[in-house]
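What's in start.cif: mmCIF, C-alpha atoms and all ligand atoms
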```cif
data_structure
loop_
_atom_site.label_atom_id
_atom_site.label_comp_id
_atom_site.auth_asym_id
_atom_site.auth_seq_id
_atom_site.Cartn_x
_atom_site.Cartn_y
_atom_site.Cartn_z
CA MET A 408 -4.45 20.13 -10.28
CA ARG A 409 -1.32 19.61 -12.43
CA TRP A 410 0.47 16.29 -11.84
CA GLY A 411 3.82 14.80 -12.79
CA LEU A 412 4.33 11.03 -12.90
CA VAL A 413 7.62 9.77 -11.52
CA GLY A 414 8.03 6.25 -12.84
CA ALA A 415 6.45 4.87 -16.00
CA SER A 416 4.92 1.97 -14.11
CA THR A 417 2.26 -0.70 -14.45
CA ILE A 418 0.25 0.56 -11.47
CA ALA A 419 0.01 4.03 -13.01
CA ALA A 420 -1.00 2.54 -16.36
CA GLU A 421 -3.58 0.18 -14.86
CA TRP A 422 -5.12 2.42 -12.20
CA MET A 423 -3.56 5.72 -11.27
CA ILE A 424 -3.59 7.66 -14.53
CA ASP A 425 -7.35 7.12 -14.72
CA ALA A 426 -7.76 7.92 -11.02
CA ILE A 427 -5.88 11.21 -11.37
CA ARG A 428 -7.89 12.19 -14.45
CA SER A 429 -11.19 11.20 -12.88
CA ASN A 430 -10.34 13.69 -10.11
CA SER A 431 -9.94 16.45 -12.74
CA GLY A 432 -6.14 16.15 -12.63
CA GLU A 433 -4.03 17.08 -15.62
CA ILE A 434 -0.95 14.90 -16.14
CA ILE A 435 1.70 17.21 -17.54
CA GLY A 436 4.60 14.80 -17.87
CA VAL A 437 6.28 11.54 -16.94
CA GLN A 438 9.84 10.82 -15.85
CA SER A 439 11.42 7.44 -16.56
CA ALA A 440 15.04 6.28 -16.45
CA SER A 441 14.56 4.88 -19.96
CA ALA A 442 14.02 7.53 -22.65
CA GLU A 443 12.47 5.00 -25.00
CA HIS A 444 10.11 3.47 -22.43
CA GLY A 445 9.14 6.94 -21.15
CA ALA A 446 8.36 8.24 -24.65
CA GLU A 447 6.32 5.15 -25.56
CA TYR A 448 4.46 5.33 -22.25
CA ALA A 449 3.68 9.03 -22.69
CA ALA A 450 2.37 8.47 -26.22
CA LYS A 451 0.24 5.51 -25.14
CA HIS A 452 -1.35 7.40 -22.24
CA GLY A 453 -1.75 10.80 -23.87
CA ILE A 454 0.87 12.49 -21.69
CA PRO A 455 2.42 15.49 -23.46
CA PHE A 456 5.99 15.32 -22.07
CA SER A 457 8.50 12.65 -21.11
CA THR A 458 12.00 12.97 -19.76
CA THR A 459 14.73 10.93 -18.13
CA GLN A 460 15.55 13.89 -15.85
CA LEU A 461 13.45 14.36 -12.73
CA GLU A 462 14.50 18.02 -12.50
CA ALA A 463 13.12 18.63 -16.01
CA LEU A 464 9.73 17.32 -14.89
CA LEU A 465 9.85 19.39 -11.69
CA ASP A 466 10.84 22.50 -13.72
CA LYS A 467 7.36 22.30 -15.22
CA GLN A 468 6.06 23.10 -11.74
CA PRO A 469 3.45 20.41 -11.15
CA ASP A 470 1.31 20.91 -8.05
CA ALA A 471 1.92 17.28 -7.13
CA ILE A 472 3.83 14.22 -8.23
CA TYR A 473 2.83 10.59 -8.05
CA ILE A 474 5.85 8.35 -7.38
CA SER A 475 5.51 4.76 -8.61
CA SER A 476 9.09 3.89 -9.42
CA VAL A 477 10.80 0.92 -7.77
CA ASN A 478 11.00 1.28 -4.01
CA ASP A 479 14.66 2.21 -3.56
CA LYS A 480 14.19 5.30 -5.75
CA HIS A 481 11.28 6.79 -3.81
CA ARG A 482 13.27 8.74 -1.21
CA THR A 483 15.50 10.80 -3.52
CA GLN A 484 12.61 11.49 -5.87
CA LEU A 485 10.36 12.64 -3.02
CA GLU A 486 13.08 14.82 -1.53
CA ALA A 487 13.67 16.61 -4.84
CA ALA A 488 9.97 17.42 -5.15
CA ALA A 489 9.36 18.33 -1.50
CA LYS A 490 12.24 20.80 -1.51
CA ARG A 491 10.48 22.62 -4.33
CA GLY A 492 7.18 22.70 -2.40
CA ILE A 493 5.55 20.03 -4.60
CA HIS A 494 3.09 17.68 -2.87
CA VAL A 495 3.72 13.93 -3.08
CA LEU A 496 1.54 10.86 -3.39
CA CYS A 497 3.98 7.96 -3.04
CA GLU A 498 3.64 4.25 -3.58
CA LYS A 499 4.16 1.69 -0.87
CA PRO A 500 6.47 0.52 0.52
CA LEU A 501 7.64 4.10 0.95
CA ALA A 502 11.25 2.94 0.95
CA THR A 503 13.45 -0.03 1.73
CA SER A 504 14.66 1.23 5.12
CA LEU A 505 13.08 2.97 8.08
CA ASP A 506 15.73 5.71 7.98
CA ASP A 507 14.70 6.56 4.43
CA ALA A 508 10.99 6.64 5.25
CA LYS A 509 11.60 8.77 8.34
CA ALA A 510 13.65 11.23 6.28
CA MET A 511 10.80 11.41 3.76
CA VAL A 512 8.30 12.34 6.48
CA GLN A 513 10.72 14.92 7.82
CA VAL A 514 11.48 16.67 4.53
CA CYS A 515 7.77 16.96 3.73
CA ALA A 516 7.08 18.47 7.16
CA GLU A 517 9.99 20.92 6.81
CA ASN A 518 8.70 22.08 3.43
CA SER A 519 5.00 22.07 4.39
CA VAL A 520 4.03 19.70 1.60
CA ARG A 521 1.30 17.07 1.80
CA PHE A 522 2.57 13.50 1.72
CA ALA A 523 0.25 10.54 1.14
CA THR A 524 0.97 6.81 0.94
CA ASN A 525 -1.00 4.81 -1.61
CA HIS A 526 -2.37 2.06 0.62
CA HIS A 527 -5.44 1.44 -1.50
CA LEU A 528 -7.31 -1.09 0.65
CA ARG A 529 -8.58 1.41 3.21
CA TRP A 530 -10.50 3.05 0.35
CA ALA A 531 -12.50 -0.11 -0.41
CA ALA A 532 -16.22 0.01 0.42
CA SER A 533 -15.86 -3.49 1.92
CA HIS A 534 -13.21 -2.44 4.43
CA GLN A 535 -15.08 0.77 5.20
CA THR A 536 -18.14 -1.35 5.98
CA ILE A 537 -16.11 -3.60 8.30
CA ARG A 538 -14.67 -0.57 10.06
CA ALA A 539 -18.11 0.98 10.55
CA ALA A 540 -19.45 -2.30 11.96
CA ILE A 541 -16.60 -2.52 14.47
CA ALA A 542 -17.11 1.11 15.47
CA ALA A 543 -20.84 0.50 15.92
CA GLY A 544 -20.05 -2.28 18.39
CA GLU A 545 -21.48 -5.04 16.18
CA ILE A 546 -18.83 -7.54 17.28
CA GLY A 547 -18.23 -6.20 20.78
CA GLU A 548 -14.64 -6.13 21.97
CA VAL A 549 -12.20 -7.06 19.21
CA ARG A 550 -10.06 -10.05 20.18
CA SER A 551 -8.29 -11.32 17.08
CA ALA A 552 -7.89 -10.94 13.34
CA ARG A 553 -6.83 -13.01 10.36
CA VAL A 554 -5.60 -11.72 7.00
CA PHE A 555 -5.11 -14.14 4.15
CA HIS A 556 -3.58 -12.30 1.24
CA ALA A 557 -1.96 -15.16 -0.61
CA VAL A 558 -2.11 -14.89 -4.39
CA TYR A 559 -0.24 -15.87 -7.52
CA LEU A 560 1.94 -13.01 -8.75
CA PRO A 561 0.82 -12.36 -12.34
CA PRO A 562 3.50 -12.97 -15.00
CA HIS A 563 3.68 -9.28 -16.03
CA LEU A 564 4.72 -8.39 -12.46
CA GLN A 565 7.38 -11.12 -12.17
CA GLY A 566 10.28 -8.67 -12.52
CA TRP A 567 12.09 -6.86 -9.68
CA ARG A 568 9.56 -8.19 -7.15
CA ILE A 569 11.00 -11.71 -7.40
CA ASP A 570 14.72 -11.15 -7.94
CA ASN A 571 15.83 -7.75 -6.69
CA PRO A 572 16.19 -7.30 -2.93
CA ALA A 573 17.88 -3.91 -3.39
CA ALA A 574 14.79 -2.57 -5.17
CA GLY A 575 12.59 -3.79 -2.34
CA GLY A 576 11.48 -7.05 -3.92
CA GLY A 577 9.85 -9.87 -1.95
CA VAL A 578 6.31 -10.52 -0.80
CA VAL A 579 6.77 -8.91 2.62
CA LEU A 580 7.64 -5.42 1.40
CA ASP A 581 5.04 -5.80 -1.33
CA ILE A 582 2.01 -7.15 0.53
CA THR A 583 2.65 -7.21 4.29
CA VAL A 584 2.70 -3.40 4.28
CA HIS A 585 -0.86 -3.41 2.91
CA ASN A 586 -1.99 -5.92 5.54
CA CYS A 587 -0.51 -3.80 8.30
CA ASP A 588 -2.20 -0.67 6.99
CA ILE A 589 -5.61 -2.26 6.64
CA LEU A 590 -5.45 -3.70 10.14
CA ALA A 591 -4.39 -0.30 11.48
CA TYR A 592 -7.36 1.25 9.66
CA LEU A 593 -9.78 -1.32 11.09
CA LEU A 594 -8.37 -1.74 14.59
CA GLY A 595 -6.98 1.75 15.19
CA GLU A 596 -3.62 0.44 16.38
CA TYR A 597 -0.30 -0.94 15.18
CA PRO A 598 1.40 -4.13 16.37
CA GLN A 599 3.94 -4.02 19.15
CA GLU A 600 5.69 -7.28 18.32
CA VAL A 601 5.75 -9.86 15.56
CA VAL A 602 6.96 -13.38 14.98
CA SER A 603 7.20 -14.76 11.46
CA MET A 604 8.55 -17.30 9.01
CA THR A 605 9.20 -16.87 5.29
CA GLU A 606 9.82 -19.27 2.43
CA HIS A 607 11.15 -19.35 -1.12
CA LYS A 608 8.53 -21.44 -2.86
CA LEU A 609 8.43 -20.65 -6.54
CA PHE A 610 10.57 -17.75 -7.66
CA GLY A 611 14.15 -18.61 -6.73
CA ASP A 612 16.12 -17.77 -3.64
CA LYS A 613 16.82 -14.05 -3.94
CA VAL A 614 13.74 -12.87 -2.02
CA GLU A 615 10.94 -14.57 -0.09
CA ASP A 616 7.70 -15.30 -1.92
CA GLU A 617 5.72 -16.65 1.04
CA ALA A 618 5.32 -15.33 4.60
CA MET A 619 3.23 -16.06 7.67
CA SER A 620 3.30 -14.14 10.90
CA VAL A 621 1.57 -13.43 14.18
CA TRP A 622 1.31 -9.88 15.47
CA ARG A 623 0.45 -8.69 18.98
CA TYR A 624 -1.25 -5.30 19.40
CA PRO A 625 -1.07 -3.00 22.45
CA SER A 626 -4.73 -3.83 23.28
CA GLY A 627 -3.87 -7.54 23.39
CA VAL A 628 -5.45 -8.29 20.00
CA LEU A 629 -3.57 -11.02 18.12
CA ALA A 630 -3.54 -11.11 14.31
CA TYR A 631 -2.13 -13.65 11.93
CA THR A 632 -1.30 -12.88 8.34
CA HIS A 633 -0.39 -14.92 5.27
CA GLU A 634 1.19 -13.29 2.24
CA SER A 635 2.23 -15.17 -0.87
CA PHE A 636 3.14 -14.77 -4.53
CA ALA A 637 2.89 -18.51 -5.02
CA THR A 638 -0.66 -19.49 -4.01
CA PRO A 639 -2.91 -19.51 -7.08
CA HIS A 640 -6.08 -21.04 -5.68
CA ALA A 641 -6.57 -19.80 -2.11
CA GLY A 642 -8.75 -16.75 -2.53
CA HIS A 643 -8.22 -13.85 -0.15
CA GLY A 644 -9.94 -12.09 2.69
CA ILE A 645 -9.93 -10.74 6.20
CA GLU A 646 -11.65 -11.74 9.42
CA ILE A 647 -12.11 -9.73 12.61
CA HIS A 648 -13.32 -11.64 15.64
CA GLY A 649 -14.91 -10.06 18.70
CA SER A 650 -16.67 -10.94 21.94
CA GLU A 651 -20.15 -10.61 20.39
CA GLY A 652 -19.59 -11.56 16.76
CA SER A 653 -17.25 -11.94 13.82
CA LEU A 654 -16.84 -10.01 10.57
CA PHE A 655 -15.79 -11.76 7.38
CA GLY A 656 -14.53 -9.88 4.32
CA GLU A 657 -14.52 -12.31 1.41
CA SER A 658 -12.31 -11.58 -1.64
CA VAL A 659 -11.66 -8.07 -0.33
CA MET A 660 -7.84 -7.91 -0.55
CA SER A 661 -8.04 -6.70 -4.12
CA GLN A 662 -7.24 -3.72 -6.28
CA ARG A 663 -10.71 -4.04 -7.77
CA PRO A 664 -13.92 -2.91 -6.03
CA VAL A 665 -15.07 -6.45 -5.33
CA GLY A 666 -15.84 -8.72 -2.40
CA ARG A 667 -18.58 -9.22 0.18
CA VAL A 668 -18.83 -8.60 3.90
CA PHE A 669 -20.68 -10.81 6.40
CA LEU A 670 -21.50 -10.39 10.07
CA GLN A 671 -21.89 -13.57 12.12
CA ARG A 672 -23.64 -13.21 15.46
CA ASP A 673 -25.77 -15.52 17.60
CA GLY A 674 -25.40 -18.26 14.99
CA VAL A 675 -26.81 -16.05 12.23
CA ARG A 676 -24.77 -14.97 9.20
CA GLN A 677 -25.93 -11.73 7.62
CA GLU A 678 -24.49 -9.95 4.57
CA LEU A 679 -23.72 -6.27 5.14
CA ALA A 680 -24.48 -3.90 2.28
CA CYS A 681 -21.53 -2.09 0.74
CA GLU A 682 -21.72 -0.04 -2.43
CA PRO A 683 -18.50 -0.65 -4.41
CA HIS A 684 -16.44 2.25 -5.75
CA ASN A 685 -13.00 2.60 -7.34
CA LEU A 686 -10.37 2.44 -4.57
CA TYR A 687 -7.73 4.48 -6.38
CA ASP A 688 -10.17 7.25 -7.34
CA ALA A 689 -11.00 7.57 -3.64
CA ALA A 690 -7.32 7.63 -2.62
CA VAL A 691 -6.56 10.44 -5.09
CA ALA A 692 -9.71 12.32 -4.05
CA ASP A 693 -8.58 12.34 -0.43
CA PHE A 694 -5.06 13.51 -1.36
CA VAL A 695 -6.46 16.36 -3.47
CA ALA A 696 -8.90 17.33 -0.70
CA ALA A 697 -6.07 17.27 1.84
CA ILE A 698 -4.10 19.77 -0.26
CA GLU A 699 -7.13 22.01 -0.77
CA GLU A 700 -8.16 21.87 2.87
CA GLY A 701 -4.63 22.18 4.29
CA ARG A 702 -4.88 18.95 6.27
CA SER A 703 -2.99 15.68 6.39
CA PRO A 704 -4.09 12.98 3.93
CA ALA A 705 -5.97 10.13 5.63
CA CYS A 706 -3.15 7.75 4.75
CA ASP A 707 -0.10 9.95 5.20
CA GLY A 708 3.65 9.45 5.28
CA VAL A 709 3.50 8.47 8.94
CA ALA A 710 1.07 5.64 8.10
CA GLY A 711 3.37 4.52 5.28
CA THR A 712 6.39 4.60 7.58
CA ARG A 713 4.61 2.56 10.23
CA SER A 714 3.48 -0.11 7.77
CA LEU A 715 7.08 -0.32 6.51
CA ALA A 716 8.35 -0.67 10.08
CA VAL A 717 6.09 -3.69 10.61
CA ALA A 718 7.19 -5.31 7.33
CA LEU A 719 10.85 -4.82 8.28
CA ALA A 720 10.17 -6.38 11.69
CA VAL A 721 8.53 -9.37 9.95
CA LEU A 722 11.65 -9.81 7.79
CA GLU A 723 13.92 -9.49 10.82
CA SER A 724 11.91 -12.03 12.78
CA ALA A 725 12.04 -14.52 9.90
CA ALA A 726 15.77 -14.01 9.39
CA GLU A 727 16.64 -14.36 13.07
CA GLY A 728 14.06 -16.93 14.12
CA ARG A 729 12.79 -14.91 17.07
CA LYS A 730 10.03 -12.58 18.17
CA VAL A 731 10.79 -8.94 17.29
CA SER A 732 9.52 -5.70 18.87
CA VAL A 733 8.52 -3.30 16.12
CA ASP A 734 10.80 -0.26 15.94
CA TYR A 735 8.75 2.70 14.68
CA ALA A 736 11.78 5.00 14.98
CA GLY A 737 9.69 7.57 16.80
CA VAL A 738 7.38 8.08 13.80
P1 LIG B 801 6.72 -1.70 -12.65
O1 LIG B 801 7.77 -2.75 -12.69
O2 LIG B 801 5.64 -1.75 -13.65
O3 LIG B 801 7.38 -0.28 -12.75
C1 LIG B 801 8.41 0.12 -11.91
C2 LIG B 801 9.49 0.82 -12.73
O4 LIG B 801 10.11 -0.13 -13.58
C3 LIG B 801 8.94 1.88 -13.65
O5 LIG B 801 8.75 3.05 -12.95
C4 LIG B 801 10.04 1.93 -14.70
O6 LIG B 801 11.14 2.66 -14.22
C5 LIG B 801 10.51 0.52 -14.79
N1 LIG B 801 9.92 -0.12 -15.95
C6 LIG B 801 8.74 -0.76 -16.02
N2 LIG B 801 8.55 -1.24 -17.28
C7 LIG B 801 9.63 -0.88 -17.99
C8 LIG B 801 10.04 -1.07 -19.35
N3 LIG B 801 9.25 -1.75 -20.20
N4 LIG B 801 11.20 -0.54 -19.75
C9 LIG B 801 11.99 0.13 -18.89
N5 LIG B 801 11.65 0.36 -17.61
C10 LIG B 801 10.50 -0.16 -17.17
O7 LIG B 801 6.18 -1.69 -11.16
P2 LIG B 801 4.74 -1.61 -10.53
O8 LIG B 801 3.84 -0.70 -11.22
O9 LIG B 801 4.26 -2.98 -10.33
O10 LIG B 801 5.12 -1.00 -9.08
C11 LIG B 801 5.61 0.32 -8.96
C12 LIG B 801 5.42 0.81 -7.53
O11 LIG B 801 4.04 0.80 -7.22
C13 LIG B 801 6.10 -0.03 -6.46
O12 LIG B 801 6.49 0.81 -5.42
C14 LIG B 801 5.00 -0.97 -6.00
O13 LIG B 801 5.21 -1.47 -4.71
C15 LIG B 801 3.80 -0.04 -6.08
N6 LIG B 801 2.52 -0.72 -6.29
C16 LIG B 801 1.45 -0.35 -5.53
C17 LIG B 801 0.22 -0.92 -5.70
C18 LIG B 801 -0.94 -0.42 -4.90
O14 LIG B 801 -2.03 -0.95 -5.05
N7 LIG B 801 -0.78 0.58 -4.05
C19 LIG B 801 0.01 -2.00 -6.67
C20 LIG B 801 1.18 -2.27 -7.50
C21 LIG B 801 2.38 -1.63 -7.29
P3 LIG B 801 11.29 4.23 -14.35
O15 LIG B 801 11.19 4.64 -12.92
O16 LIG B 801 12.60 4.44 -14.91
O17 LIG B 801 10.17 4.68 -15.20
#
```
As a first step, turn the structure in this file into structure tokens.
Amino acid sequence: MRWGLVGASTIAAEWMIDAIRSNSGEIIGVQSASAEHGAEYAAKHGIPFSTTQLEALLDKQPDAIYISSVNDKHRTQLEAAAKRGIHVLCEKPLATSLDDAKAMVQVCAENSVRFATNHHLRWAASHQTIRAAIAAGEIGEVRSARVFHAVYLPPHLQGWRIDNPAAGGGVVLDITVHNCDILAYLLGEYPQEVVSMTEHKLFGDKVEDEAMSVWRYPSGVLAYTHESFATPHAGHGIEIHGSEGSLFGESVMSQRPVGRVFLQRDGVRQELACEPHNLYDAAVADFVAAIEEGRSPACDGVAGTRSLAVALAVLESAAEGRKVSVDYAGV
């Protein structure tokens, strides 16, 4: 498959270029707003073409594009590709508003193009193991969940994420969307209402760098989540608690294929086997298979829109100091 990169980004450099190539993808070009950065990036990653003009990249007729620009650019870039019948794998958060994300889903449907959201965690062997254990009834009826995804934002990522609300900066749009998606993957449902608080701990007052919230699901499950850019020593993980047992994913909220899963039942703690694999390779593999098989990707634009809706509700709850019903805008 022939791919165009939209955005000369860190995530593409660190993970996605390799993931595309390991799925036999050919990267034919990259578009960046900066001619100099785009040219340097292309040379460094062995990409034969760079341009500042999205249309020039699309004129090369890639089968798909991977969008990893800053979040407020995603919608217009996706629309340009979808209208030409080009499939899109887009980074999260899909956009900075629900209207934008909804329009993205719509334009892809109208043009019959496949649209995937790059929520990587559901491709981790650890989370797949937790999901299988829940489905097998190992913990009985699920009652509650806890996600602790509080990290220290590495210096090379301390750019727009910490000072640019218009670009979709802030820990909620960055990390809460992932937490929502992984809980949806594990629990099979999305929250109905949320209540949250945010803080500005370390990186100035333009966007929040710390958030905690409680989410209620239609089944009655309650989940609490902690996201942070300012918590260097906490470690990260997920817990799912049921009537017959609990599942613990230790160090599993990672880009890397790491972490361990434990099942606790009847006072006995047992490690569950999970064979690690590259999360991003698996995400690209599913997107490619979806195109070939004419089906929706497992994590599609609807999933990306719903995780954005929850993050926006978390921000609204924190801003207004009240419980908020999540508005999924009919998506
Ligand atoms: P970066 O800041 O590395 O890149 C974003 C954009 O910033 C680039 O596309 C580029 O703009 C511009 N840029 C970056 N470096 C330079 C430079 N040296 N000179 C000029 N312009 C530069 O962002 P990330 O890679 O961290 O994030 C990109 C997207 O990916 C976001 O949507 C983010 O939320 C998502 N993401 C997803 C992850 C996941 O696991 N699913 C993990 C990390 C990020 P231009 O568009 O002009 O090329």
May I ask you to write as a PDB file with C-alpha atoms, keeping the file's coordinate frame all residues lying at most 6 Å from ligand LIG 801 (chain B), with all atoms listed in the file counted?
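Now in out_16.pdb:
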```pdb
ATOM      1  CA  GLY A 414       8.030   6.250 -12.840  1.00  0.00           C
ATOM      2  CA  ALA A 415       6.450   4.870 -16.000  1.00  0.00           C
ATOM      3  CA  SER A 416       4.920   1.970 -14.110  1.00  0.00           C
ATOM      4  CA  THR A 417       2.260  -0.700 -14.450  1.00  0.00           C
ATOM      5  CA  ILE A 418       0.250   0.560 -11.470  1.00  0.00           C
ATOM      6  CA  SER A 439      11.420   7.440 -16.560  1.00  0.00           C
ATOM      7  CA  ALA A 440      15.040   6.280 -16.450  1.00  0.00           C
ATOM      8  CA  SER A 441      14.560   4.880 -19.960  1.00  0.00           C
ATOM      9  CA  HIS A 444      10.110   3.470 -22.430  1.00  0.00           C
ATOM     10  CA  SER A 475       5.510   4.760  -8.610  1.00  0.00           C
ATOM     11  CA  SER A 476       9.090   3.890  -9.420  1.00  0.00           C
ATOM     12  CA  VAL A 477      10.800   0.920  -7.770  1.00  0.00           C
ATOM     13  CA  ASN A 478      11.000   1.280  -4.010  1.00  0.00           C
ATOM     14  CA  GLU A 498       3.640   4.250  -3.580  1.00  0.00           C
ATOM     15  CA  LYS A 499       4.160   1.690  -0.870  1.00  0.00           C
ATOM     16  CA  PRO A 500       6.470   0.520   0.520  1.00  0.00           C
ATOM     17  CA  ASN A 525      -1.000   4.810  -1.610  1.00  0.00           C
ATOM     18  CA  HIS A 526      -2.370   2.060   0.620  1.00  0.00           C
ATOM     19  CA  HIS A 527      -5.440   1.440  -1.500  1.00  0.00           C
ATOM     20  CA  LEU A 564       4.720  -8.390 -12.460  1.00  0.00           C
ATOM     21  CA  ASP A 581       5.040  -5.800  -1.330  1.00  0.00           C
TER      22      ASP A 581
END
```
- Task: Identify, on the basis of all atoms listed in the file, every residue whose closest approach to Leu560 (chain A) does not exceed 10 Å; exclude the query and any residue fewer than 3 positions from it along the same chain; express the result as a ChimeraX atom specification.
- Result: /A:557,563-565,568-569,578,610,616,635-639
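If you measure from each of A:Ile537, A:Ala689, A:Ile589, A:Lys451 to Val668 (chain A) using all atoms listed in the file, the closest one turns out to be A:Ile537.
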- Quote the spacing between CA of Ile698 (chain A) and CA of Gly445 (chain A) in Å to one decimal place. 27.9 Å
- List the neighbours of region 652-658 of chain A out to 10 Å using only C-alpha atoms; skip same-chain residues closer than 5 positions along the sequence, and give me the result as an NGL selection string. :A and (533-534 or 536-538 or 540-541 or 544-556 or 642-647 or 663-679)
- Query: Counting all atoms listed in the file, what is within 8 Å of Ala426 (chain A), bar same-chain residues fewer than 2 positions away, as a PyMOL selection string?
  - Reply: chain A and resi 422-424+428-430+687-688+691
- Query: So what do you get for CA of Val621 (chain A) versus CA of Val558 (chain A), distance-wise?
  - Reply: 19.0 Å
For region 708-714 of chain A, supply all heavy atoms and format the output as a JSON list (two decimals), in the coordinates of the input.
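Output saved as result_22.json:
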```json
[["chain", "number", "residue", "atom", "x", "y", "z"],
["A", 708, "GLY", "N", 2.30, 10.03, 5.25],
["A", 708, "GLY", "CA", 3.65, 9.45, 5.28],
["A", 708, "GLY", "C", 3.93, 8.72, 6.58],
["A", 708, "GLY", "O", 4.71, 7.74, 6.59],
["A", 709, "VAL", "N", 3.31, 9.16, 7.66],
["A", 709, "VAL", "CA", 3.50, 8.47, 8.94],
["A", 709, "VAL", "C", 2.90, 7.06, 8.84],
["A", 709, "VAL", "O", 3.53, 6.06, 9.25],
["A", 709, "VAL", "CB", 2.86, 9.27, 10.10],
["A", 709, "VAL", "CG1", 2.84, 8.45, 11.37],
["A", 709, "VAL", "CG2", 3.61, 10.58, 10.30],
["A", 710, "ALA", "N", 1.70, 6.96, 8.26],
["A", 710, "ALA", "CA", 1.07, 5.64, 8.10],
["A", 710, "ALA", "C", 1.96, 4.74, 7.23],
["A", 710, "ALA", "O", 2.15, 3.55, 7.52],
["A", 710, "ALA", "CB", -0.32, 5.78, 7.49],
["A", 711, "GLY", "N", 2.50, 5.31, 6.16],
["A", 711, "GLY", "CA", 3.37, 4.52, 5.28],
["A", 711, "GLY", "C", 4.64, 4.09, 5.97],
["A", 711, "GLY", "O", 5.15, 2.97, 5.74],
["A", 712, "THR", "N", 5.17, 4.94, 6.83],
["A", 712, "THR", "CA", 6.39, 4.60, 7.58],
["A", 712, "THR", "C", 6.09, 3.49, 8.58],
["A", 712, "THR", "O", 6.88, 2.55, 8.76],
["A", 712, "THR", "CB", 6.92, 5.84, 8.31],
["A", 712, "THR", "OG1", 7.16, 6.86, 7.34],
["A", 712, "THR", "CG2", 8.22, 5.54, 9.04],
["A", 713, "ARG", "N", 4.95, 3.57, 9.22],
["A", 713, "ARG", "CA", 4.61, 2.56, 10.23],
["A", 713, "ARG", "C", 4.35, 1.20, 9.59],
["A", 713, "ARG", "O", 4.75, 0.16, 10.12],
["A", 713, "ARG", "CB", 3.43, 3.04, 11.08],
["A", 713, "ARG", "CG", 3.84, 4.26, 11.93],
["A", 713, "ARG", "CD", 2.70, 4.83, 12.74],
["A", 713, "ARG", "NE", 2.38, 4.06, 13.92],
["A", 713, "ARG", "CZ", 3.01, 4.13, 15.10],
["A", 713, "ARG", "NH1", 4.01, 4.98, 15.26],
["A", 713, "ARG", "NH2", 2.64, 3.39, 16.11],
["A", 714, "SER", "N", 3.70, 1.19, 8.43],
["A", 714, "SER", "CA", 3.48, -0.11, 7.77],
["A", 714, "SER", "C", 4.82, -0.70, 7.31],
["A", 714, "SER", "O", 5.03, -1.91, 7.37],
["A", 714, "SER", "CB", 2.49, 0.00, 6.61],
["A", 714, "SER", "OG", 3.00, 0.80, 5.58]]
```
